[in-house]
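Asks: Just coords_19.txt, nothing more (compact mmCIF, C-alpha atoms):
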# COMPACT_ATOMS: atom_id res chain seq x y z
CA MET A 1388 15.37 36.06 22.32
CA ASN A 1389 16.37 33.23 19.98
CA GLY A 1390 19.59 32.71 21.93
CA ASP A 1391 17.60 32.32 25.16
CA LYS A 1392 15.51 29.55 23.59
CA SER A 1393 18.58 27.67 22.37
CA ILE A 1394 20.24 27.94 25.81
CA GLU A 1395 17.01 26.72 27.42
CA ARG A 1396 16.87 23.77 24.99
CA ILE A 1397 20.54 22.89 25.66
CA MET A 1398 19.94 22.98 29.42
CA ARG A 1399 16.87 20.75 29.06
CA ASP A 1400 18.83 18.30 26.88
CA LEU A 1401 21.64 18.18 29.46
CA TYR A 1402 19.10 17.53 32.21
CA PHE A 1403 17.58 14.62 30.26
CA LEU A 1404 21.03 13.28 29.45
CA TYR A 1405 21.86 13.37 33.17
CA LEU A 1406 18.67 11.45 34.03
CA PHE A 1407 19.33 8.91 31.30
CA ALA A 1408 23.06 8.42 31.91
CA PHE A 1409 22.96 8.12 35.68
CA ASN A 1410 19.71 6.13 35.93
CA GLN A 1411 18.05 8.73 38.10
CA LYS A 1412 14.36 8.45 38.84
CA ILE A 1413 12.61 10.02 35.89
CA PRO A 1414 10.12 12.73 36.93
CA LEU A 1415 6.50 11.82 36.34
CA LYS A 1416 5.21 15.35 35.74
CA PRO A 1417 3.29 15.00 32.42
CA SER A 1418 4.91 17.96 30.64
CA THR A 1419 8.41 16.81 31.63
CA ARG A 1420 7.60 13.25 30.61
CA GLY A 1421 6.41 14.53 27.22
CA ASP A 1422 9.55 16.62 26.69
CA PHE A 1423 11.71 13.68 27.69
CA GLY A 1424 9.84 11.38 25.28
CA GLU A 1425 10.33 13.86 22.43
CA TRP A 1426 14.02 14.09 23.24
CA ILE A 1427 14.38 10.27 23.15
CA ALA A 1428 12.36 10.10 19.89
CA LEU A 1429 14.49 12.81 18.29
CA ARG A 1430 17.71 11.00 19.22
CA MET A 1431 16.35 7.76 17.77
CA LEU A 1432 15.24 9.41 14.51
CA LYS A 1433 18.58 11.20 14.09
CA LYS A 1434 20.36 7.84 14.44
CA LYS A 1435 18.16 6.57 11.60
CA GLY A 1436 19.27 9.49 9.43
CA TYR A 1437 16.25 11.77 9.78
CA GLN A 1438 16.84 15.52 9.74
CA CYS A 1439 14.63 17.48 12.16
CA ILE A 1440 13.35 20.79 10.78
CA HIS A 1441 10.81 21.68 13.51
CA ARG A 1442 10.11 20.74 17.13
CA ASN A 1443 6.69 21.47 18.62
CA TRP A 1444 5.47 23.32 15.53
CA ARG A 1445 2.25 25.29 16.02
CA SER A 1446 0.03 26.74 13.33
CA CYS A 1447 -0.15 30.52 12.97
CA SER A 1448 -3.87 30.37 12.22
CA ASP A 1449 -4.81 27.97 15.05
CA ARG A 1450 -2.35 27.72 17.95
CA ARG A 1451 -4.04 24.54 19.21
CA MET A 1452 -2.76 22.65 16.18
CA GLU A 1453 0.63 21.20 17.11
CA ILE A 1454 2.99 18.67 15.56
CA ASP A 1455 5.64 17.24 17.89
CA LEU A 1456 8.42 16.74 15.33
CA ILE A 1457 8.68 17.51 11.63
CA CYS A 1458 11.55 15.73 9.93
CA VAL A 1459 12.89 14.91 6.50
CA ASP A 1460 13.67 11.30 5.58
CA ARG A 1461 15.38 11.28 2.18
CA GLN A 1462 12.92 13.23 -0.01
CA CYS A 1463 9.89 12.66 2.24
CA LEU A 1464 8.47 15.11 4.78
CA VAL A 1465 7.67 13.20 7.97
CA PHE A 1466 5.22 14.40 10.62
CA VAL A 1467 6.02 12.65 13.89
CA GLU A 1468 3.61 12.24 16.79
CA VAL A 1469 5.41 11.23 19.98
CA ARG A 1470 3.45 9.31 22.60
CA SER A 1471 5.22 9.13 25.98
CA ARG A 1472 3.82 6.82 28.61
CA SER A 1473 5.08 5.31 31.81
CA VAL A 1474 5.42 1.56 31.59
CA ASP A 1475 2.72 1.08 34.25
CA THR A 1476 -0.13 2.63 32.22
CA MET A 1477 -2.96 0.41 31.00
CA VAL A 1478 -3.17 1.98 27.51
CA SER A 1479 -0.21 2.04 25.14
CA GLY A 1480 0.79 5.21 23.33
CA TRP A 1481 -0.37 3.72 20.06
CA GLN A 1482 -3.86 2.95 21.43
CA SER A 1483 -4.20 6.42 22.95
CA LEU A 1484 -3.74 7.91 19.48
CA MET A 1485 -6.53 5.91 17.86
CA THR A 1486 -9.44 8.22 18.67
CA LYS A 1487 -11.42 10.02 15.97
CA LYS A 1488 -10.80 13.38 17.64
CA LYS A 1489 -7.01 12.94 17.87
CA LEU A 1490 -6.69 11.60 14.30
CA LYS A 1491 -8.80 14.47 12.95
CA SER A 1492 -6.66 16.98 14.86
CA LEU A 1493 -3.44 15.42 13.52
CA ARG A 1494 -4.72 15.41 9.95
CA ARG A 1495 -5.73 19.06 10.24
CA ALA A 1496 -2.37 20.06 11.75
CA CYS A 1497 -0.48 18.31 8.93
CA MET A 1498 -2.60 20.00 6.26
CA LEU A 1499 -2.12 23.40 7.94
CA TYR A 1500 1.65 22.89 7.99
CA LEU A 1501 1.71 22.03 4.28
CA PHE A 1502 -0.43 25.09 3.51
CA GLU A 1503 1.45 27.55 5.74
CA SER A 1504 5.01 26.45 5.04
CA LYS A 1505 4.70 26.25 1.24
CA LYS A 1506 7.60 23.81 1.22
CA ASP A 1507 7.99 21.76 -1.93
CA PHE A 1508 7.63 18.13 -0.84
CA ASN A 1509 5.90 15.68 -3.15
CA ASN A 1510 5.65 13.02 -0.45
CA HIS A 1511 4.69 13.27 3.18
CA ARG A 1512 3.68 10.78 5.84
CA LEU A 1513 2.83 10.43 9.50
CA ASP A 1514 5.00 8.39 11.85
CA VAL A 1515 4.32 7.60 15.49
CA VAL A 1516 7.06 7.09 18.06
CA GLU A 1517 6.04 5.43 21.31
CA VAL A 1518 8.33 5.97 24.28
CA ASP A 1519 7.79 3.75 27.32
CA ILE A 1520 9.39 5.45 30.31
CA PRO A 1521 10.11 3.29 33.38
CA THR A 1522 9.10 4.54 36.80
CA LYS A 1523 11.88 2.64 38.59
CA MET A 1524 15.61 3.12 38.33
CA ASN A 1525 17.83 0.74 36.34
CA LYS A 1526 15.07 -0.05 33.85
CA LYS A 1527 15.52 0.37 30.11
CA ILE A 1528 13.62 3.05 28.20
CA ASP A 1529 11.85 1.40 25.26
CA SER A 1530 10.94 3.24 22.08
CA PHE A 1531 9.04 1.99 19.06
CA HIS A 1532 8.89 3.68 15.67
CA HIS A 1533 5.74 3.09 13.60
CA GLU A 1534 6.19 4.42 10.06
CA ASN A 1535 3.62 5.61 7.53
CA ILE A 1536 0.45 5.65 9.63
CA ALA A 1537 -2.73 6.06 7.61
CA ILE A 1538 -4.96 8.92 8.72
CA LEU A 1539 -8.25 7.98 7.16
CA LYS A 1540 -11.12 10.40 6.66
CA THR A 1541 -13.47 9.96 9.64
Kindly present the structure from the file in structure tokens form.

Replies:
Amino acid sequence: MNGDKSIERIMRDLYFLYLFAFNQKIPLKPSTRGDFGEWIALRMLKKKGYQCIHRNWRSCSDRRMEIDLICVDRQCLVFVEVRSRSVDTMVSGWQSLMTKKKLKSLRRACMLYLFESKKDFNNHRLDVVEVDIPTKMNKKIDSFHHENIAILKT
């Protein structure tokens, strides 16, 4: 079963690499766009020296609680929320995150991960990666990394 998941992930990565390398029209299906955005974000974070320990982590106690990427940056545990948007949208990925409901959900997911994993990290933070995906060929994919986002009690 685990081998099937890794083969599926490799095939998906090759598909995204094909789209990216040959400037093919990027599919606009929301789930595919989200997967593609996470793939771009993961590549960017790895170039910065982050080590990914989980992709699409879900809580055992509440399956609705999800964290896109969980990484380690030096001695700090980093929860990463990836916001993928097509360039034509009116609201940026950063603005779409700034709702009380989404921030509360993110805070709860992070706390559940810390409780369930029992990993020994003194420091943790939330980062947001915005990925702007063009809808036309020959356009550059932009990504922005926002580090250490405060999740205030609301």

Asks: Rounded to one decimal, what separation in Å do you get between atom CA of A:Gly1424 and atom CA of A:Leu1513?

Replies: 17.3 Å

Asks: Calculate how many Å separate atom CA of A:Cys1439 from atom CA of A:Lys1491, rounding to one decimal.

Replies: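 Atom-to-atom, atom CA of A:Cys1439 to atom CA of A:Lys1491, that is 23.6 Å.
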
Asks: What is the distance between atom CA of A:Arg1442 and atom CA of A:Ile1454, in Å to one decimal?

Replies: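 Separating atom CA of A:Arg1442 from atom CA of A:Ile1454 is a distance of 7.6 Å.
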
Asks: Please tell me which residues are no farther than 8 Å from (0.2, 13.1, 26.9) in the file, counting all atoms listed in the file, and write them as a ChimeraX atom specification.

Replies: /A:1417-1418,1421,1470-1472

Asks: Find the residues near A:Ile1440: any atom within 12 Å, counting all atoms listed in the file, skip ones fewer than 3 places away on the same chain, and give them as a ChimeraX atom specification.

Replies: /A:1429,1433,1437,1443-1444,1454-1460,1464-1467,1504,1506

Asks: Can you list, as a PyMOL selection string, every protein, DNA or RNA residue that comes within 7 Å of A:Leu1499 when you count all atoms listed in the file, leaving out same-chain residues fewer than 4 positions away?

Replies: chain A and resi 1446+1495+1503

Asks: Around the point (12.8, 1.9, 23.6) in the file's coordinates, collect all residues with an atom within 10 Å, using all atoms listed in the file, and return them as a list in words.

Replies: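 Within 10 Å of (12.8, 1.9, 23.6), the protein and nucleic acid residues are Ile1427, Ala1428, Met1431, Val1516, Glu1517, Val1518, Asp1519, Ile1520, Lys1527, Ile1528, Asp1529, Ser1530, Phe1531 and His1532 of chain A.
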
Asks: A:Ser1492: which residues within 9 Å, counting all atoms listed in the file, same-chain residues fewer than 4 positions away excluded, as a PyMOL selection string?

Replies: chain A and resi 1452-1453+1487-1488+1496-1497

Asks: Please provide as an MDAnalysis selection string all residues within 6 Å of A:Asp1514, with the sequence filter that same-chain residues fewer than 6 positions apart are discarded (counting only C-alpha atoms).

Replies: chainID A and resid 1467 1533:1536

Asks: Between A:Tyr1500, A:Lys1505, A:Leu1493, A:Trp1426, which one has atoms that come closest to A:Ile1397, using all atoms listed in the file?

Replies: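 The shortest atom-to-atom distance to A:Ile1397 comes from A:Trp1426.
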